[in-house]
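Chemist: Just dropping this structure here.
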Amino acid sequence: MRVLGIETSCDETGVALYCRERGLLAQALHSQVERHAEYGGVVPELASRDHIAKLLPLIEQVLVESDTSAAELDGIAYTMGPGLIGALLVGAATARSLAYALDVPAVGIHHMEAHLLAPQLDPNPPAMPFLALLVSGGHSMFVAVEGLGRYRILGDTLDDAVGEAFDKTAQQLGLGYPGGPALAALAEHGDPTRFRFARPLTDRPGLDLSFSGLKTQVLLAVRAHQPLDEATRADLARGFEEAVVDTLAIKCERALGVSRLDTLVVAGGVGANRRLRQRLGELGTRLGVRIVFPRPELCTDNGAMVAVAGALRLAAGERHGLSISVRPRFDLTELSPPA
Ligand code: KG4
Ligand code: ZN
């Protein structure tokens with residue numbers, strides 16, 4: 001079964017071809033980061049227009065690279081939400097139209113379910129049930145993945161998502177948009193002992209997360225050290241990263257204990273963070289728990305995770321109607337097993 005996956009929920013146009021028997025056959029990604037950088041954030045209308053310009057060429061590229069003709073496709077999966085409405089509509093309209101023309105089924109996928117299922121592309125995929133730490137630009141949550149479409153939220157963010165806190169803190173340090181990877185790179189040169197920021201909500205029970213107070217702590221430190229020299233910027237970045245990684249590691253250990261699950265999947269863009277991967281890897285060794293990280297390029301938004309999620313749902317018999325519908329706001333708990 002060959003499924004084309006299309007991701008256009010935000011500022012990356014992602015396309016991939018996944019084969020249930022042979023794995024990932026090809027993938028292509030166009031990032032709009034430079035287009036939005038001068039505005040300091042994603043401009044929705046520009047995102048939609050860029051998806052329109054790039055999507056069909058990327059689909060052609062993936063078909064050529066995988067030596068597949070459109071007629072050989074067995075289904076098309078696209079991100080139906082959550083995300084920017086215009087950007088989602090470009091992917092949904094293209095996927096639906098293509099599926100109609102080829103007379104194959106199309107299936108709309110929840111973006112966060114796609115992140116959760118990205119490790120299914122691993123040669124040794126984690127078996128369900130497993131625990132997932134979902135950390136992206138819009139979400140920070142602990143999810144018990146009990147089966148396809150059966151997701152129980154064990155903890156959620158009370159304010160900023162982890163990626164959002166990385167991006168906003170990066171902005172305070174003058175690192176531009178999106179700042180997460182740039183902040184992580186700067187932190188490599190920083191002194192981990194100079195700034196000791198709070199580990200939010202670790203002093204009370206529960207699995208909820210909160211990062212906006214930490215972001216404010218960094219802002220106050222930035223103001224107190226004006227003008228910032230290079231070493232101080234790196235030390236602040238390192239102090240922030242240490243606080244986030246420490247907090248997530250403490251909460252992961254707690255979540256593993258509460259859920260009694262023996263596999264932890266780390267999904268979403270912040271899962272690409274090197275120090276978080278190292279720290280959770282050490283936790284896994286200490287607890288004798290399997291920790292699964294998708295390859296860094298499969299942590300951030302991409303078409304492959306949508307293709308694999310679509311293949312699983314299509315193979316289970318899921319079919320959607322012909323209407324082009326998207327869900328800009330879409331709660332993970334609204335999902336159900338394949339129908
Ligand atoms: O999953 P993703 O690509 O998009 C969303 O669904 O939100 O996640 C993007 C987020 C951004 O906030 C970005 O700054 C963050 O992931 N990110 C990182 C790293 N790479 C991406 N944060 C920290 N360290 C990284 N290496
Ligand atoms: Zn994402």
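Lettering and numbering for the structure tokens are positional, with chains as A, B, ... in the shown order, residues counted from 1 in each chain, and ligands counted from 1 in the shown order.
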Counting only C-alpha atoms and all ligand atoms, which protein, DNA or RNA residues come within 7 Å of ligand 2, given as a PyMOL selection string?
Modeler: chain A and resi 111-112+115+136-137+268-269+300-301
Chemist: Any chance you can output those residues with all heavy atoms as a PDB file, in the first residue's frame?
Modeler:
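Result saved to out12.pdb:
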ATOM      1  N   HIS A 111      -2.733  16.695  13.129  1.00  0.00           N
ATOM      2  CA  HIS A 111      -1.290  16.978  13.095  1.00  0.00           C
ATOM      3  C   HIS A 111      -0.541  16.347  14.272  1.00  0.00           C
ATOM      4  O   HIS A 111       0.566  15.827  14.122  1.00  0.00           O
ATOM      5  CB  HIS A 111      -1.110  18.500  13.095  1.00  0.00           C
ATOM      6  CG  HIS A 111       0.303  18.960  13.040  1.00  0.00           C
ATOM      7  ND1 HIS A 111       1.031  18.990  11.863  1.00  0.00           N
ATOM      8  CD2 HIS A 111       1.147  19.391  14.003  1.00  0.00           C
ATOM      9  CE1 HIS A 111       2.251  19.425  12.127  1.00  0.00           C
ATOM     10  NE2 HIS A 111       2.353  19.687  13.415  1.00  0.00           N
ATOM     11  N   MET A 112      -1.169  16.376  15.452  1.00  0.00           N
ATOM     12  CA  MET A 112      -0.477  15.837  16.634  1.00  0.00           C
ATOM     13  C   MET A 112      -0.473  14.310  16.631  1.00  0.00           C
ATOM     14  O   MET A 112       0.465  13.694  17.135  1.00  0.00           O
ATOM     15  CB  MET A 112      -1.152  16.363  17.913  1.00  0.00           C
ATOM     16  CG  MET A 112      -0.894  17.822  18.116  1.00  0.00           C
ATOM     17  SD  MET A 112       0.885  18.077  18.306  1.00  0.00           S
ATOM     18  CE  MET A 112       1.073  19.608  17.483  1.00  0.00           C
ATOM     19  N   HIS A 115       2.509  13.505  14.650  1.00  0.00           N
ATOM     20  CA  HIS A 115       3.737  13.579  15.451  1.00  0.00           C
ATOM     21  C   HIS A 115       3.889  12.325  16.323  1.00  0.00           C
ATOM     22  O   HIS A 115       4.965  11.765  16.441  1.00  0.00           O
ATOM     23  CB  HIS A 115       3.723  14.810  16.357  1.00  0.00           C
ATOM     24  CG  HIS A 115       4.224  16.072  15.697  1.00  0.00           C
ATOM     25  ND1 HIS A 115       5.489  16.179  15.149  1.00  0.00           N
ATOM     26  CD2 HIS A 115       3.639  17.279  15.503  1.00  0.00           C
ATOM     27  CE1 HIS A 115       5.652  17.398  14.658  1.00  0.00           C
ATOM     28  NE2 HIS A 115       4.545  18.086  14.855  1.00  0.00           N
ATOM     29  N   SER A 136       6.016  20.612  21.043  1.00  0.00           N
ATOM     30  CA  SER A 136       6.158  21.325  19.771  1.00  0.00           C
ATOM     31  C   SER A 136       5.959  22.815  20.010  1.00  0.00           C
ATOM     32  O   SER A 136       5.938  23.279  21.145  1.00  0.00           O
ATOM     33  CB  SER A 136       5.125  20.795  18.781  1.00  0.00           C
ATOM     34  OG  SER A 136       3.846  21.258  19.151  1.00  0.00           O
ATOM     35  N   GLY A 137       5.789  23.560  18.923  1.00  0.00           N
ATOM     36  CA  GLY A 137       5.577  25.004  19.043  1.00  0.00           C
ATOM     37  C   GLY A 137       4.228  25.333  19.652  1.00  0.00           C
ATOM     38  O   GLY A 137       4.044  26.395  20.246  1.00  0.00           O
ATOM     39  N   GLY A 268       7.507  15.724  18.329  1.00  0.00           N
ATOM     40  CA  GLY A 268       7.350  17.167  18.133  1.00  0.00           C
ATOM     41  C   GLY A 268       8.697  17.853  17.992  1.00  0.00           C
ATOM     42  O   GLY A 268       9.748  17.287  18.334  1.00  0.00           O
ATOM     43  N   GLY A 269       8.651  19.089  17.494  1.00  0.00           N
ATOM     44  CA  GLY A 269       9.870  19.819  17.128  1.00  0.00           C
ATOM     45  C   GLY A 269      10.929  19.914  18.217  1.00  0.00           C
ATOM     46  O   GLY A 269      12.122  19.782  17.938  1.00  0.00           O
ATOM     47  N   THR A 300      10.459  17.556  13.656  1.00  0.00           N
ATOM     48  CA  THR A 300       9.815  18.783  13.188  1.00  0.00           C
ATOM     49  C   THR A 300       8.820  18.421  12.073  1.00  0.00           C
ATOM     50  O   THR A 300       8.793  17.282  11.608  1.00  0.00           O
ATOM     51  CB  THR A 300      10.883  19.782  12.694  1.00  0.00           C
ATOM     52  OG1 THR A 300      11.822  19.083  11.887  1.00  0.00           O
ATOM     53  CG2 THR A 300      11.631  20.395  13.849  1.00  0.00           C
ATOM     54  N   ASP A 301       8.004  19.396  11.675  1.00  0.00           N
ATOM     55  CA  ASP A 301       6.916  19.097  10.741  1.00  0.00           C
ATOM     56  C   ASP A 301       7.427  18.506   9.425  1.00  0.00           C
ATOM     57  O   ASP A 301       8.425  18.980   8.869  1.00  0.00           O
ATOM     58  CB  ASP A 301       6.113  20.377  10.466  1.00  0.00           C
ATOM     59  CG  ASP A 301       5.341  20.819  11.696  1.00  0.00           C
ATOM     60  OD1 ASP A 301       5.269  20.031  12.663  1.00  0.00           O
ATOM     61  OD2 ASP A 301       4.813  21.937  11.686  1.00  0.00           O
TER      62      ASP A 301
END
Chemist: Enumerate, in order of chain and increasing residue number, the residues of chain A with an atom no farther than 9 Å from ligand 1, each with its shortest atom pair and distance in Å to one decimal, counting only C-alpha atoms and all ligand atoms, as a Markdown table.
Modeler:
| residue | atom | partner | partner_atom_place_in_ligand_line | distance |
| --- | --- | --- | --- | --- |
| A:Ser9 | CA | ligand 1 | 6 (O) | 8.1 |
| A:Cys10 | CA | ligand 1 | 4 (O) | 7.6 |
| A:Asp11 | CA | ligand 1 | 4 (O) | 8.6 |
| A:Glu12 | CA | ligand 1 | 3 (O) | 8.2 |
| A:Pro82 | CA | ligand 1 | 6 (O) | 8.9 |
| A:Gly83 | CA | ligand 1 | 6 (O) | 8.3 |
| A:His111 | CA | ligand 1 | 6 (O) | 7.3 |
| A:Met112 | CA | ligand 1 | 6 (O) | 7.3 |
| A:His115 | CA | ligand 1 | 1 (O) | 7.3 |
| A:Leu134 | CA | ligand 1 | 1 (O) | 8.6 |
| A:Val135 | CA | ligand 1 | 1 (O) | 7.1 |
| A:Ser136 | CA | ligand 1 | 8 (O) | 3.9 |
| A:Gly137 | CA | ligand 1 | 7 (O) | 3.2 |
| A:Gly138 | CA | ligand 1 | 7 (O) | 4.7 |
| A:His139 | CA | ligand 1 | 7 (O) | 6.9 |
| A:Ala161 | CA | ligand 1 | 12 (O) | 8.1 |
| A:Val162 | CA | ligand 1 | 12 (O) | 7.1 |
| A:Gly163 | CA | ligand 1 | 12 (O) | 3.3 |
| A:Glu164 | CA | ligand 1 | 12 (O) | 4.9 |
| A:Ala165 | CA | ligand 1 | 12 (O) | 7.5 |
| A:Phe166 | CA | ligand 1 | 14 (O) | 5.8 |
| A:Asp167 | CA | ligand 1 | 14 (O) | 5.2 |
| A:Lys168 | CA | ligand 1 | 12 (O) | 8.8 |
| A:Ala170 | CA | ligand 1 | 14 (O) | 8.7 |
| A:Tyr177 | CA | ligand 1 | 14 (O) | 8.1 |
| A:Pro178 | CA | ligand 1 | 14 (O) | 5.3 |
| A:Gly179 | CA | ligand 1 | 14 (O) | 5.2 |
| A:Gly180 | CA | ligand 1 | 14 (O) | 3.2 |
| A:Pro181 | CA | ligand 1 | 25 (C) | 4.1 |
| A:Ala182 | CA | ligand 1 | 25 (C) | 7.7 |
| A:Leu183 | CA | ligand 1 | 24 (N) | 7.1 |
| A:Ala184 | CA | ligand 1 | 24 (N) | 5.2 |
| A:Ala185 | CA | ligand 1 | 26 (N) | 7.8 |
| A:Glu241 | CA | ligand 1 | 23 (C) | 8.2 |
| A:Ala267 | CA | ligand 1 | 1 (O) | 7.7 |
| A:Gly268 | CA | ligand 1 | 1 (O) | 4.0 |
| A:Gly269 | CA | ligand 1 | 8 (O) | 3.3 |
| A:Val270 | CA | ligand 1 | 18 (C) | 4.0 |
| A:Gly271 | CA | ligand 1 | 19 (C) | 6.9 |
| A:Ala272 | CA | ligand 1 | 26 (N) | 4.7 |
| A:Asn273 | CA | ligand 1 | 26 (N) | 3.5 |
| A:Arg274 | CA | ligand 1 | 26 (N) | 6.2 |
| A:Arg275 | CA | ligand 1 | 24 (N) | 8.3 |
| A:Leu276 | CA | ligand 1 | 24 (N) | 8.2 |
| A:Pro296 | CA | ligand 1 | 20 (N) | 8.0 |
| A:Leu298 | CA | ligand 1 | 3 (O) | 8.8 |
| A:Cys299 | CA | ligand 1 | 1 (O) | 6.2 |
| A:Thr300 | CA | ligand 1 | 3 (O) | 3.4 |
| A:Asp301 | CA | ligand 1 | 3 (O) | 4.1 |
| A:Asn302 | CA | ligand 1 | 3 (O) | 7.8 |
Chemist: If you run DSSP on the backbone here, which positions in stretch 39-287 of chain A get helix (DSSP H, G or I)? Please write them as a PyMOL selection string.
Modeler: chain A and resi 44-65+70-72+85-102+111-121+162-172+180-187+212-224+230-259+269-272+274-287
Chemist: Nearest to A:Gln120 among A:Arg295, A:Arg35, A:His225, A:Arg152, with distances taken over only C-alpha atoms: which residue is it?
Modeler: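 For A:Gln120, the nearest of the candidates is A:Arg295.
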Chemist: Work out how far atom CA of A:Ala53 is from atom CA of A:Asp67, in Å to one decimal.
Modeler: 22.9 Å
Chemist: Please report the interatomic distance between atom CA of A:Asp235 and atom CA of A:Arg279 in Å with one decimal.
Modeler: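 That distance, rounded to one decimal, is 18.9 Å.
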Chemist: Contacts between stretch 91-97 of chain A and stretch 270-332 of chain A, please, where a residue of stretch 270-332 of chain A counts if it comes within 10 Å (with only C-alpha atoms); show its shortest atom pair and distance in Å to one decimal, rows by chain and ascending number, as a tab-separated table.
Modeler:
residue	atom	partner	partner_atom	distance
A:His320	CA	A:Arg96	CA	10.0
A:Gly321	CA	A:Arg96	CA	9.5
A:Leu322	CA	A:Arg96	CA	7.0
A:Ser323	CA	A:Arg96	CA	8.0
A:Ile324	CA	A:Ala93	CA	6.0
A:Ser325	CA	A:Ala92	CA	7.2
A:Val326	CA	A:Ala92	CA	7.1
Chemist: Go ahead and write the residues just picked, N, CA, C and O atoms, as a PDB file, in the first residue's frame.
Modeler:
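After the write, part.pdb holds the following:
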ATOM      1  N   HIS A 320     -13.085   8.873   4.496  1.00  0.00           N
ATOM      2  CA  HIS A 320     -13.754  10.144   4.752  1.00  0.00           C
ATOM      3  C   HIS A 320     -14.555  10.538   3.522  1.00  0.00           C
ATOM      4  O   HIS A 320     -14.258  10.084   2.424  1.00  0.00           O
ATOM      5  N   GLY A 321     -15.543  11.403   3.702  1.00  0.00           N
ATOM      6  CA  GLY A 321     -16.369  11.868   2.576  1.00  0.00           C
ATOM      7  C   GLY A 321     -15.581  12.769   1.634  1.00  0.00           C
ATOM      8  O   GLY A 321     -14.388  12.987   1.821  1.00  0.00           O
ATOM      9  N   LEU A 322     -16.279  13.303   0.651  1.00  0.00           N
ATOM     10  CA  LEU A 322     -15.591  14.083  -0.384  1.00  0.00           C
ATOM     11  C   LEU A 322     -15.424  15.558  -0.030  1.00  0.00           C
ATOM     12  O   LEU A 322     -14.762  16.298  -0.738  1.00  0.00           O
ATOM     13  N   SER A 323     -16.047  16.012   1.067  1.00  0.00           N
ATOM     14  CA  SER A 323     -15.980  17.442   1.364  1.00  0.00           C
ATOM     15  C   SER A 323     -14.564  17.854   1.788  1.00  0.00           C
ATOM     16  O   SER A 323     -13.829  17.063   2.378  1.00  0.00           O
ATOM     17  N   ILE A 324     -14.225  19.083   1.445  1.00  0.00           N
ATOM     18  CA  ILE A 324     -12.910  19.608   1.823  1.00  0.00           C
ATOM     19  C   ILE A 324     -13.083  20.299   3.169  1.00  0.00           C
ATOM     20  O   ILE A 324     -13.527  21.440   3.236  1.00  0.00           O
ATOM     21  N   SER A 325     -12.807  19.571   4.247  1.00  0.00           N
ATOM     22  CA  SER A 325     -13.029  20.177   5.555  1.00  0.00           C
ATOM     23  C   SER A 325     -11.728  20.184   6.347  1.00  0.00           C
ATOM     24  O   SER A 325     -10.962  19.219   6.303  1.00  0.00           O
ATOM     25  N   VAL A 326     -11.488  21.269   7.054  1.00  0.00           N
ATOM     26  CA  VAL A 326     -10.298  21.381   7.892  1.00  0.00           C
ATOM     27  C   VAL A 326     -10.740  21.788   9.295  1.00  0.00           C
ATOM     28  O   VAL A 326     -11.844  22.287   9.478  1.00  0.00           O
TER      29      VAL A 326
END
Chemist: With only C-alpha atoms as the basis for distance, which of A:Ile76, A:Leu280, A:Val15, A:Val258 is at the shortest distance from A:Ala315?
Modeler: A:Ile76
Chemist: With distances taken over only C-alpha atoms, which of A:Ser31, A:Ile109, A:Glu72, A:Gln226 is nearest to A:Cys19?
Modeler: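 Between A:Ser31, A:Ile109, A:Glu72, A:Gln226, the residue approaching A:Cys19 most closely is A:Glu72.
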Chemist: Please, which residues of stretch 13-172 of chain A, numbered as in this document, come out strand (DSSP E) from DSSP, as a PyMOL selection string?
Modeler: chain A and resi 13-19+23-31+75-81+106-110+130-135+140-147+150-156
Chemist: Would you compute the distance between atom CA of A:Val289 and atom CA of A:Met128? Give it in Å to one decimal.
Modeler: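 Computing it gives 14.3 Å between the two atoms.
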Chemist: Got a sec: who's within 9 Å of A:Gly284, counting only C-alpha atoms, leaving out chain neighbours fewer than 5 positions off, as a ChimeraX atom specification?
Modeler: /A:253,263-264,279,289-291
Chemist: Quick one: residues within 12 Å of A:Val43, only C-alpha atoms, excluding same-chain residues fewer than 4 positions away - as an NGL selection string?
Modeler: :A and (10-11 or 32-39 or 47-50 or 84 or 86-87)
Chemist: Given only C-alpha atoms as the basis, pick out the residue of A:Leu58, A:Leu207, A:Leu133, A:Met80 nearest to A:His110.
Modeler: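 Among the listed residues, A:Met80 lies closest to A:His110.
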Chemist: Could you list, as an MDAnalysis selection string, every residue within 12 Å of A:Pro57, counting only C-alpha atoms and ignoring same-chain residues fewer than 4 positions away?
Modeler: chainID A and resid 13:15 28:30 50:53 61:64
Chemist: Which residues are near A:Ala99? Cut-off 7 Å, only C-alpha atoms, ignore same chain within fewer than 5 positions. Put them as a list in words.
Modeler: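 Contacts, with the query itself left out: Gly75, Ile76, Val104, Pro105 and Ala106 of chain A.
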Chemist: Write out as a count of residues only which residues come within 10 Å of A:Thr247 when counting only C-alpha atoms, dropping same-chain ones fewer than 6 positions away.
Modeler: 9
